[in-house]
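Text of the file work_31.txt, holding compact mmCIF, C-alpha atoms and all ligand atoms:
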# COMPACT_ATOMS: atom_id res chain seq x y z
CA MET J 1 19.99 -9.17 -35.54
CA GLU J 2 17.96 -11.05 -32.97
CA LYS J 3 19.47 -10.99 -29.52
CA ILE J 4 20.30 -14.25 -27.79
CA PRO J 5 18.19 -14.84 -24.66
CA LEU J 6 20.17 -15.28 -21.49
CA THR J 7 18.69 -17.07 -18.49
CA VAL J 8 20.42 -16.92 -15.13
CA LEU J 9 19.86 -19.97 -12.94
CA THR J 10 20.77 -19.46 -9.33
CA GLY J 11 19.84 -20.76 -5.89
CA PHE J 12 21.60 -21.62 -2.68
CA LEU J 13 24.22 -24.37 -2.38
CA GLY J 14 22.74 -27.77 -3.05
CA SER J 15 19.31 -26.36 -3.87
CA GLY J 16 19.04 -28.49 -7.00
CA LYS J 17 20.23 -26.21 -9.80
CA THR J 18 22.28 -28.85 -11.57
CA THR J 19 19.60 -31.50 -11.16
CA LEU J 20 17.07 -29.12 -12.69
CA LEU J 21 19.42 -28.15 -15.48
CA ASN J 22 20.28 -31.74 -16.33
CA GLY J 23 16.57 -32.47 -16.58
CA LEU J 24 15.92 -29.40 -18.70
CA LEU J 25 18.76 -30.11 -21.10
CA LYS J 26 17.38 -33.56 -21.87
CA THR J 27 14.26 -32.06 -23.39
CA PRO J 28 14.42 -31.39 -27.13
CA ALA J 29 13.21 -27.80 -26.57
CA LEU J 30 16.51 -26.96 -24.95
CA ALA J 31 18.87 -29.02 -27.07
CA ASP J 32 20.32 -25.94 -28.71
CA SER J 33 21.51 -24.23 -25.53
CA ALA J 34 24.88 -23.10 -24.33
CA VAL J 35 25.43 -23.53 -20.62
CA LEU J 36 27.92 -21.45 -18.71
CA ILE J 37 28.87 -22.55 -15.24
CA ASN J 38 30.03 -19.56 -13.29
CA GLU J 39 32.55 -20.59 -10.66
CA PHE J 40 34.17 -18.44 -8.07
CA GLY J 41 37.29 -18.96 -6.03
CA GLU J 42 37.88 -22.24 -4.34
CA ILE J 43 34.34 -23.51 -4.16
CA ALA J 44 34.50 -27.14 -5.19
CA LEU J 45 31.86 -28.15 -7.64
CA ASP J 46 31.97 -31.67 -8.83
CA HIS J 47 28.83 -32.44 -10.68
CA TYR J 48 28.59 -33.88 -14.11
CA LEU J 49 28.37 -30.66 -16.06
CA ILE J 50 31.52 -29.35 -14.44
CA GLU J 51 33.27 -32.64 -15.06
CA ALA J 52 32.30 -32.40 -18.68
CA ALA J 53 33.72 -28.93 -18.97
CA THR J 54 37.33 -28.12 -19.56
CA ASP J 55 38.93 -24.72 -20.03
CA SER J 56 37.00 -24.09 -23.19
CA ALA J 57 33.60 -24.99 -24.49
CA VAL J 58 32.67 -28.66 -24.61
CA VAL J 59 29.86 -30.13 -26.64
CA LEU J 60 27.68 -32.41 -24.53
CA ASP J 61 26.03 -35.57 -25.86
CA ASN J 62 22.77 -33.73 -26.51
CA GLY J 63 24.49 -31.04 -28.59
CA CYS J 64 24.52 -28.41 -25.86
CA ILE J 65 27.68 -26.46 -25.32
CA CYS J 66 29.01 -26.27 -21.80
CA CYS J 67 31.84 -24.27 -20.36
CA THR J 68 33.10 -23.17 -17.00
CA VAL J 69 33.78 -19.52 -16.46
CA ARG J 70 35.76 -18.19 -13.55
CA GLY J 71 34.97 -14.65 -12.47
CA ALA J 72 33.31 -12.19 -14.84
CA LEU J 73 30.93 -13.60 -17.39
CA SER J 74 30.78 -10.80 -19.90
CA GLY J 75 34.10 -11.68 -21.60
CA ALA J 76 33.12 -15.34 -21.91
CA LEU J 77 29.77 -14.39 -23.38
CA ARG J 78 31.32 -12.11 -25.96
CA SER J 79 33.82 -14.77 -26.93
CA LEU J 80 31.06 -17.39 -27.16
CA PHE J 81 29.07 -15.11 -29.43
CA TRP J 82 32.00 -14.69 -31.83
CA GLN J 83 32.74 -18.41 -31.74
CA ARG J 84 29.16 -19.04 -32.75
CA ASN J 85 29.45 -16.46 -35.49
CA ASP J 86 32.63 -18.03 -36.83
CA LYS J 87 31.05 -21.50 -36.52
CA LYS J 88 33.75 -22.62 -34.10
CA VAL J 89 31.07 -23.96 -31.77
CA PRO J 90 27.70 -25.44 -32.72
CA TYR J 91 24.92 -22.92 -33.23
CA PHE J 92 23.02 -22.21 -30.01
CA LYS J 93 19.76 -20.36 -29.55
CA ARG J 94 20.00 -19.46 -25.90
CA VAL J 95 22.44 -19.29 -23.02
CA ILE J 96 21.78 -20.55 -19.52
CA ILE J 97 24.16 -19.40 -16.80
CA GLU J 98 24.31 -21.51 -13.66
CA THR J 99 25.88 -19.61 -10.80
CA THR J 100 27.51 -21.04 -7.74
CA GLY J 101 25.15 -21.41 -4.82
CA LEU J 102 26.97 -18.87 -2.69
CA ALA J 103 26.67 -16.15 -5.24
CA ASP J 104 24.99 -12.87 -4.57
CA PRO J 105 23.21 -12.54 -7.91
CA ALA J 106 23.44 -8.76 -8.06
CA PRO J 107 27.13 -8.50 -9.12
CA ILE J 108 26.49 -11.14 -11.77
CA LEU J 109 23.58 -9.17 -13.18
CA HIS J 110 25.70 -6.01 -13.01
CA ASP J 111 28.42 -7.70 -14.96
CA LEU J 112 25.89 -8.66 -17.60
CA LEU J 113 24.37 -5.20 -17.69
CA SER J 114 27.37 -3.00 -17.66
CA HIS J 115 28.87 -4.00 -20.99
CA PRO J 116 27.12 -2.23 -23.84
CA THR J 117 28.78 -4.47 -26.44
CA MET J 118 27.41 -7.50 -24.69
CA LEU J 119 23.94 -6.01 -24.64
CA GLN J 120 24.14 -5.74 -28.41
CA HIS J 121 24.21 -9.52 -28.67
CA TYR J 122 22.31 -10.77 -25.63
CA ARG J 123 19.19 -9.94 -23.66
CA LEU J 124 18.40 -11.04 -20.13
CA ALA J 125 15.43 -13.37 -20.47
CA GLY J 126 15.06 -13.91 -16.77
CA VAL J 127 16.42 -15.04 -13.45
CA ILE J 128 15.32 -18.47 -12.22
CA VAL J 129 15.99 -19.34 -8.60
CA CYS J 130 15.87 -22.81 -7.05
CA VAL J 131 14.86 -22.92 -3.40
CA ASP J 132 15.36 -26.11 -1.42
CA GLY J 133 11.97 -27.40 -0.25
CA LEU J 134 13.58 -29.04 2.75
CA PHE J 135 16.24 -26.58 3.89
CA GLY J 136 15.12 -23.42 2.10
CA ALA J 137 13.59 -21.73 5.17
CA GLU J 138 16.73 -22.32 7.22
CA GLN J 139 18.91 -20.98 4.42
CA LEU J 140 16.76 -17.85 4.19
CA ASP J 141 17.17 -17.41 7.96
CA ARG J 142 20.91 -17.72 7.89
CA HIS J 143 22.18 -16.44 4.59
CA THR J 144 21.59 -13.02 3.12
CA GLU J 145 22.58 -14.37 -0.29
CA ALA J 146 19.65 -16.78 -0.22
CA VAL J 147 17.23 -13.90 0.48
CA LYS J 148 18.80 -11.77 -2.24
CA GLN J 149 18.54 -14.61 -4.72
CA ALA J 150 14.82 -14.99 -3.99
CA ALA J 151 14.34 -11.22 -4.23
CA VAL J 152 15.77 -10.85 -7.73
CA ALA J 153 14.02 -13.91 -9.17
CA ASP J 154 11.59 -13.75 -12.04
CA ARG J 155 10.70 -17.34 -11.37
CA ILE J 156 11.18 -19.35 -8.18
CA LEU J 157 11.19 -23.13 -8.23
CA ILE J 158 10.80 -25.02 -4.99
CA THR J 159 12.83 -28.22 -5.33
CA LYS J 160 12.99 -31.48 -3.37
CA THR J 161 9.26 -31.46 -2.90
CA ASP J 162 9.42 -35.25 -2.62
CA LEU J 163 11.41 -34.87 0.60
CA ALA J 164 9.55 -31.97 2.20
CA THR J 165 6.15 -32.09 3.90
CA THR J 166 3.19 -30.18 2.53
CA ASN J 167 3.34 -27.89 5.56
CA GLN J 168 6.99 -27.12 4.95
CA ILE J 169 6.33 -26.29 1.33
CA ASP J 170 3.29 -24.15 2.12
CA ALA J 171 5.21 -22.16 4.74
CA LEU J 172 8.10 -21.68 2.34
CA ARG J 173 5.75 -20.51 -0.40
CA THR J 174 4.21 -17.93 1.94
CA ARG J 175 7.61 -16.63 2.93
CA LEU J 176 8.87 -16.46 -0.66
CA ARG J 177 5.70 -14.58 -1.62
CA GLU J 178 6.51 -12.00 1.05
CA ILE J 179 10.04 -11.56 -0.23
CA ASN J 180 9.12 -11.44 -3.90
CA PRO J 181 5.38 -11.14 -4.53
CA GLY J 182 5.71 -10.80 -8.30
CA ALA J 183 7.84 -13.83 -9.13
CA ASP J 184 6.27 -16.89 -10.74
CA LEU J 185 6.35 -19.50 -8.03
CA SER J 186 6.08 -23.21 -8.64
CA ARG J 187 7.47 -26.50 -7.46
CA THR J 188 9.45 -28.93 -9.52
CA GLY J 189 7.25 -31.66 -10.87
CA GLU J 190 4.30 -29.33 -11.36
CA GLU J 191 2.67 -29.22 -14.75
CA ASN J 192 3.80 -25.69 -15.54
CA CYS J 193 7.35 -26.62 -14.76
CA ASP J 194 8.44 -28.03 -18.09
CA ALA J 195 11.50 -26.70 -19.85
CA GLN J 196 9.86 -24.37 -22.31
CA ALA J 197 7.45 -22.99 -19.74
CA ILE J 198 10.28 -22.21 -17.39
CA LEU J 199 12.27 -20.39 -20.01
CA ASP J 200 9.32 -18.61 -21.59
CA ALA J 201 7.48 -17.60 -18.45
CA VAL J 202 9.95 -14.94 -17.54
CA ALA J 203 10.83 -13.77 -21.00
CA TYR J 204 11.34 -10.07 -20.81
CA ASP J 205 12.57 -8.85 -24.13
CA SER J 206 13.63 -5.25 -24.17
CA LEU J 207 12.79 -5.15 -27.86
CA SER J 208 9.52 -6.98 -27.58
CA LYS J 209 6.50 -5.01 -28.57
CA THR J 210 4.24 -7.60 -27.12
CA LEU J 211 5.41 -7.77 -23.54
CA ASP J 212 2.52 -8.78 -21.33
CA VAL J 213 2.90 -5.86 -18.96
CA GLN J 214 0.49 -7.08 -16.35
CA GLN J 215 2.03 -10.53 -16.24
CA TRP J 216 5.53 -9.07 -16.07
CA LEU J 217 4.92 -6.41 -13.43
CA LYS J 218 2.26 -8.08 -11.26
CA ALA J 219 1.93 -4.71 -9.52
CA GLU J 220 -1.24 -5.76 -7.74
CA THR J 221 0.68 -8.34 -5.71
CA TYR J 222 2.84 -5.66 -4.04
CA ARG J 223 1.97 -3.51 -1.05
CA ARG J 224 0.80 -0.15 -2.32
CA VAL J 225 2.60 2.91 -1.01
CA GLN J 226 0.99 6.33 -1.41
CA VAL J 227 2.94 9.36 -2.44
CA ARG J 228 2.10 12.22 -0.08
CA ARG J 229 1.92 15.25 -2.28
CA GLY J 230 3.78 18.36 -1.23
CA VAL J 231 5.32 16.79 1.86
CA GLY J 232 8.80 16.78 0.34
CA LEU J 233 11.81 14.85 1.48
CA SER J 234 12.10 13.96 5.11
CA LYS J 235 15.57 14.37 6.54
CA LYS J 236 15.39 11.48 8.91
CA ALA J 237 14.00 8.64 6.88
CA MET J 238 16.26 6.92 4.46
CA LEU J 239 17.50 3.58 5.61
CA LEU J 240 15.11 2.06 8.03
CA THR J 241 14.42 -1.43 9.10
CA GLU J 242 10.68 -0.91 9.25
CA GLU J 243 10.29 -3.31 6.42
CA ILE J 244 11.52 -6.28 8.44
CA ASN J 245 8.88 -8.95 8.01
CA ARG J 246 8.00 -11.48 10.64
CA HIS J 247 10.81 -13.75 9.50
CA GLY J 248 13.34 -10.97 9.94
CA ASP J 249 14.12 -10.88 6.25
CA HIS J 250 14.59 -7.09 6.14
CA ILE J 251 12.97 -7.13 2.74
CA GLY J 252 10.26 -4.77 1.61
CA ALA J 253 8.25 -5.22 -1.59
CA PHE J 254 5.98 -2.36 -2.61
CA CYS J 255 4.41 -0.57 -5.53
CA ILE J 256 4.26 3.19 -6.12
CA THR J 257 1.83 4.60 -8.68
CA PHE J 258 1.41 7.99 -10.35
CA ASN J 259 -1.73 8.70 -12.30
CA GLU J 260 -0.52 11.66 -14.34
CA PRO J 261 2.23 11.65 -17.02
CA LEU J 262 5.70 12.12 -15.56
CA PRO J 263 8.66 14.19 -16.75
CA TRP J 264 11.20 11.59 -17.83
CA ASN J 265 14.16 13.65 -16.61
CA GLY J 266 12.70 14.08 -13.15
CA LEU J 267 12.05 10.37 -12.81
CA LEU J 268 15.54 9.49 -14.02
CA LEU J 269 17.11 11.95 -11.59
CA ALA J 270 15.14 10.44 -8.73
CA LEU J 271 16.17 6.91 -9.65
CA GLU J 272 19.79 7.96 -10.11
CA MET J 273 19.78 9.63 -6.74
CA LEU J 274 18.27 6.54 -5.07
CA ALA J 275 20.79 4.31 -6.83
CA MET J 276 23.68 6.54 -5.81
CA VAL J 277 22.73 6.94 -2.17
CA CYS J 278 21.36 3.51 -1.41
CA GLY J 279 21.99 1.35 -4.47
CA GLU J 280 22.89 -1.74 -2.53
CA HIS J 281 19.54 -1.61 -0.75
CA LEU J 282 17.60 -1.62 -4.00
CA LEU J 283 17.39 -5.25 -4.96
CA ARG J 284 15.00 -5.06 -7.87
CA ILE J 285 13.03 -2.33 -9.61
CA LYS J 286 10.56 -2.72 -12.44
CA GLY J 287 8.29 -0.11 -13.88
CA ILE J 288 5.92 0.93 -16.62
CA ILE J 289 6.08 4.66 -17.08
CA ASP J 290 3.61 7.13 -18.54
CA VAL J 291 6.05 9.73 -19.84
CA GLU J 292 4.93 13.31 -20.52
CA GLY J 293 4.53 13.90 -24.25
CA GLU J 294 4.71 10.20 -25.19
CA ASP J 295 1.81 8.02 -26.30
CA LYS J 296 3.43 4.70 -25.56
CA PRO J 297 4.54 3.26 -22.24
CA ARG J 298 8.19 3.01 -21.34
CA VAL J 299 9.55 0.03 -19.47
CA ILE J 300 12.40 0.24 -17.01
CA HIS J 301 14.00 -2.36 -14.82
CA GLY J 302 17.13 -2.62 -12.80
CA VAL J 303 19.08 -4.38 -10.12
CA GLN J 304 20.71 -2.33 -7.37
CA HIS J 305 22.31 0.72 -8.96
CA MET J 306 22.26 -0.59 -12.52
CA PHE J 307 19.38 -0.17 -14.94
CA PHE J 308 18.75 -2.06 -18.14
CA PRO J 309 18.32 0.26 -21.14
CA SER J 310 14.73 1.49 -21.11
CA SER J 311 12.47 0.47 -23.95
CA THR J 312 9.15 1.58 -25.37
CA LEU J 313 6.21 -0.76 -25.81
CA ALA J 314 3.80 -0.66 -28.74
CA ARG J 315 0.82 0.45 -26.68
CA TRP J 316 -0.80 0.63 -23.26
CA PRO J 317 -3.00 -2.22 -22.06
CA ASP J 318 -6.65 -1.41 -22.84
CA ASP J 319 -7.70 -0.84 -19.25
CA TRP J 320 -4.68 0.87 -17.81
CA ARG J 321 -2.67 4.02 -18.34
CA GLU J 322 -0.80 4.80 -15.18
CA THR J 323 2.82 4.76 -14.01
CA LYS J 324 3.55 1.80 -11.76
CA LEU J 325 6.91 1.16 -10.17
CA VAL J 326 7.56 -1.93 -8.10
CA PHE J 327 10.48 -2.11 -5.71
CA ILE J 328 12.06 -4.92 -3.73
CA VAL J 329 14.38 -3.34 -1.19
CA ARG J 330 16.46 -4.34 1.79
CA ASP J 331 16.53 -2.24 4.95
CA MET J 332 15.00 0.68 3.20
CA ASP J 333 11.98 2.81 3.93
CA ALA J 334 9.20 2.63 1.34
CA GLU J 335 7.95 6.10 2.15
CA PHE J 336 11.42 7.54 1.60
CA VAL J 337 11.46 6.02 -1.87
CA ALA J 338 8.00 7.42 -2.65
CA GLN J 339 8.86 10.91 -1.41
CA THR J 340 12.18 10.95 -3.28
CA LEU J 341 10.40 10.13 -6.52
CA ASP J 342 7.80 12.78 -5.87
CA HIS J 343 10.39 15.41 -4.91
CA PHE J 344 12.39 15.07 -8.13
CA ILE J 345 9.32 14.78 -10.31
CA GLU J 346 7.80 17.93 -8.82
CA ALA J 347 11.13 19.77 -9.18
CA ALA J 348 11.33 18.82 -12.86
CA LYS J 349 7.74 19.97 -13.45
CA ASN J 350 8.34 23.29 -11.70
CA LYS J 351 11.49 23.88 -13.73
CA THR J 352 9.62 23.29 -16.99
CA GLN J 353 6.83 25.65 -15.90
CA GLN J 354 9.35 28.35 -15.04
CA GLU J 355 11.11 27.93 -18.36
CA MET J 356 7.80 28.24 -20.18
CA ALA J 357 6.88 31.35 -18.18
CA ASN J 358 10.19 33.07 -19.06
N1 LIG J 401 15.17 -36.16 -3.46
C1 LIG J 401 15.54 -35.15 -4.23
N2 LIG J 401 16.83 -34.84 -4.31
C2 LIG J 401 17.20 -33.81 -5.09
C3 LIG J 401 16.27 -33.03 -5.81
N3 LIG J 401 16.92 -32.05 -6.48
C4 LIG J 401 18.22 -32.21 -6.16
N4 LIG J 401 18.41 -33.26 -5.33
C5 LIG J 401 19.66 -33.75 -4.76
O1 LIG J 401 20.23 -32.69 -4.00
C6 LIG J 401 21.64 -32.70 -4.14
C7 LIG J 401 22.12 -31.34 -4.64
O2 LIG J 401 21.57 -31.14 -5.94
P1 LIG J 401 22.33 -30.32 -7.06
O3 LIG J 401 21.48 -30.36 -8.27
O4 LIG J 401 23.74 -30.75 -7.20
O5 LIG J 401 22.30 -28.88 -6.39
P2 LIG J 401 23.07 -27.56 -6.87
O6 LIG J 401 22.21 -26.43 -6.49
O7 LIG J 401 23.48 -27.67 -8.29
O8 LIG J 401 24.34 -27.65 -5.94
P3 LIG J 401 25.67 -26.74 -5.98
O9 LIG J 401 25.98 -26.53 -7.43
O10 LIG J 401 26.65 -27.54 -5.24
O11 LIG J 401 25.29 -25.48 -5.29
C8 LIG J 401 21.98 -33.83 -5.09
O12 LIG J 401 22.33 -34.95 -4.31
C9 LIG J 401 20.67 -34.08 -5.83
O13 LIG J 401 20.55 -35.41 -6.25
C10 LIG J 401 14.87 -33.38 -5.71
O14 LIG J 401 13.96 -32.75 -6.28
N5 LIG J 401 14.58 -34.44 -4.90
What is this file in structure tokens?
Amino acid sequence: MEKIPLTVLTGFLGSGKTTLLNGLLKTPALADSAVLINEFGEIALDHYLIEAATDSAVVLDNGCICCTVRGALSGALRSLFWQRNDKKVPYFKRVIIETTGLADPAPILHDLLSHPTMLQHYRLAGVIVCVDGLFGAEQLDRHTEAVKQAAVADRILITKTDLATTNQIDALRTRLREINPGADLSRTGEENCDAQAILDAVAYDSLSKTLDVQQWLKAETYRRVQVRRGVGLSKKAMLLTEEINRHGDHIGAFCITFNEPLPWNGLLLALEMLAMVCGEHLLRIKGIIDVEGEDKPRVIHGVQHMFFPSSTLARWPDDWRETKLVFIVRDMDAEFVAQTLDHFIEAAKNKTQQEMAN
């Protein structure tokens, strides 16, 4: 059965999420959507979608379903799926989750990822983040959540471009590029900003055999970090603030490559170890892996200490067969990540060699 695409729409308070969503939902392409508004605690949200929503799902004028969910989303998504199955709500093709502006997106993505039954029905199509063209820079300065939101985005939309000056928008673009070099970045009102483009641009389908790897990974936009062979793990370097950029964002975005096939177990151990020791510093990881003994590339991606189930693509791009892992981290040393990967990969290779020798 085809999985239902799930788009997470986030962005700081007042950044224009609801305005964007209202615009998107008016377009016929998105008429068959279910919208979940994820509320937390006492934060007062009073816009039209919330007003339209009661405890359970409400059908909006355009046929979209809307409901407000307090706390964890996974239960609501499962229930929505079964309601659709039992025809208790109109059929919907996709789900858009709008989070509250104060939300750290990582726990939301964890919630979505950590329920295997939910992953049977849904797939994460992408994370869209609205950044306020006028106040975005200030929000990035003051609020860690705003930086984290930008870091996990697949697509960033700069809003309120009618209010901001060209200089403000250009400076914001540059800063967002530093935080998240691989995200699609555009401003509302731009040509490539229509509803379908926004939803399609980020589509990562774990079952898709046709994923455009280059477009998805954009490895060339990240700073390249070399693995120093045979150096091993340094005792001192784990959590460093070397990655602080000139805005003080404490965010590092880098790419690590390996040009020989890797033992899958060694790589997994390395990633597990990184997730265990410094999971909260790992904001986003994506990778295409050349696995020893396999002809086809494997895709992995994760947020903090959670990884989406890995999947295998149909084939390598014509001009590229190399492992590439991109990381967006917070207060974490890039070299430490590279050496940890190398250490566990080498250990796995040595173990296999010893087993073969015996
Ligand atoms: N001029 C202008 N105003 C905008 C734009 N986008 C949003 N706004 C206004 O900014 C305010 C906040 O927009 P919302 O869409 O409610 O923002 P939000 O991110 O959903 O806000 P919360 O859900 O409260 O976090 C509203 O008054 C909007 O009318 C824009 O592109 N231009």
Sorted by chain and rising residue number, list the residues of chain J at most 6 Å from ligand LIG 401 (chain J) (counting all atoms listed in the file), each with its closest atom pair and distance in Å to one decimal, as CSV.
residue,atom,partner,partner_atom,distance
J:Phe12,CA,J:LIG401,O11,5.9
J:Leu13,CA,J:LIG401,O11,3.3
J:Gly14,CA,J:LIG401,O8,3.3
J:Ser15,CA,J:LIG401,O6,3.9
J:Gly16,CA,J:LIG401,O3,3.3
J:Lys17,CA,J:LIG401,O6,3.9
J:Thr18,CA,J:LIG401,O7,3.7
J:Thr19,CA,J:LIG401,O3,3.6
J:Leu45,CA,J:LIG401,O10,5.8
J:Thr100,CA,J:LIG401,O11,5.5
J:Gly101,CA,J:LIG401,O11,4.1
J:Thr159,CA,J:LIG401,O14,4.8
J:Lys160,CA,J:LIG401,O14,3.3
J:Thr161,CA,J:LIG401,O14,5.9
J:Asp162,CA,J:LIG401,N5,5.7
J:Leu163,CA,J:LIG401,N1,5.7
Checklist entry - Looking at J:Ser310, J:Ser33, J:Gln339, J:Gln215, which one is nearest to Thr257 of chain J, with distances taken over all atoms listed in the file? => result J:Gln339
Item to check | Exercise: segment 170-172 of chain J partners within 9 Å, only C-alpha atoms, chain neighbours under 3 positions left out, as number ranges by chain | outcome: J: 131, 133, 136-137, 158, 165-167, 175-177
Pull C-alpha atoms from the residues just selected and write them as a CSV table (one decimal), in the coordinates of the input.
chain,number,residue,atom,x,y,z
J,131,VAL,CA,14.9,-22.9,-3.4
J,133,GLY,CA,12.0,-27.4,-0.2
J,136,GLY,CA,15.1,-23.4,2.1
J,137,ALA,CA,13.6,-21.7,5.2
J,158,ILE,CA,10.8,-25.0,-5.0
J,165,THR,CA,6.2,-32.1,3.9
J,166,THR,CA,3.2,-30.2,2.5
J,167,ASN,CA,3.3,-27.9,5.6
J,175,ARG,CA,7.6,-16.6,2.9
J,176,LEU,CA,8.9,-16.5,-0.7
J,177,ARG,CA,5.7,-14.6,-1.6
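Closest approach to Thr352 of chain J among J:Leu262, J:Leu282, J:Ala150, J:Val329 is made by J:Leu262 (distances from all atoms listed in the file).
Excluding Ile288 of chain J itself and same-chain residues fewer than 4 positions from it, the residues having an atom within 7 Å of it are Pro297, Arg298, Val299, Ile300, Thr323, Lys324 and Leu325 of chain J, counting all atoms listed in the file.
The space between atom CA of Ser311 of chain J and atom CA of Gly287 of chain J spans 10.9 Å.
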Checklist entry - Looking at all atoms listed in the file, which of J:Lys296, J:Lys148, J:His301, J:Arg284 is the one that sits closest to Phe327 of chain J? => result J:Arg284
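Near Leu271 of chain J, within a cut-off of 9 Å and counting only C-alpha atoms, sit the residues Gly266, Leu267, Leu268, Leu274, Ala275, Met276, His305, Thr340 and Leu341 of chain J, with same-chain residues fewer than 3 positions away left out.
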Next on the checklist: Would you compute the distance between atom CA of Asn259 of chain J and atom CA of Ala347 of chain J? Give it in Å to one decimal.
Outcome noted: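 Interatomic distance here is 17.3 Å.
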Next on the checklist: Excluding Pro317 of chain J and its own-chain neighbours fewer than 3 positions away, which residues fall within 12 Å of it when counting only C-alpha atoms? Please give them as number ranges by chain.
Outcome noted: J: 209-215, 288, 290, 296-297, 313-314, 320-322
Item to check | Option closest in space to Ile156 of chain J, from J:Thr10, J:Thr144, J:Met332, J:Arg84 [counting only C-alpha atoms] | outcome: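 Looking only at the distances to Ile156 of chain J, the closest residue turns out to be J:Thr10.
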Item to check | Selection near Gln149 of chain J, 8 Å with all atoms listed in the file, sequence-local residues under 2 positions removed, as a ChimeraX atom specification | outcome: /J:10-12,104-105,129,145-147,151-153
Checklist outcome for this item: Expressed in Å, the length from atom CA of Gln353 of chain J to atom CA of Glu292 of chain J is 13.3 Å
Checklist outcome for this item: With distances taken over all atoms listed in the file, the candidate from J:Ala253, J:Val291, J:Val127, J:Ala195 nearest Lys26 of chain J is J:Ala195
Checklist entry - Which one is closest to Leu134 of chain J: J:Asn180, J:Ser79, J:Ser114, J:Gln168? Count all atoms listed in the file. => result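 Checking each of J:Asn180, J:Ser79, J:Ser114, J:Gln168 against Leu134 of chain J, counting all atoms listed in the file, the winner is J:Gln168.
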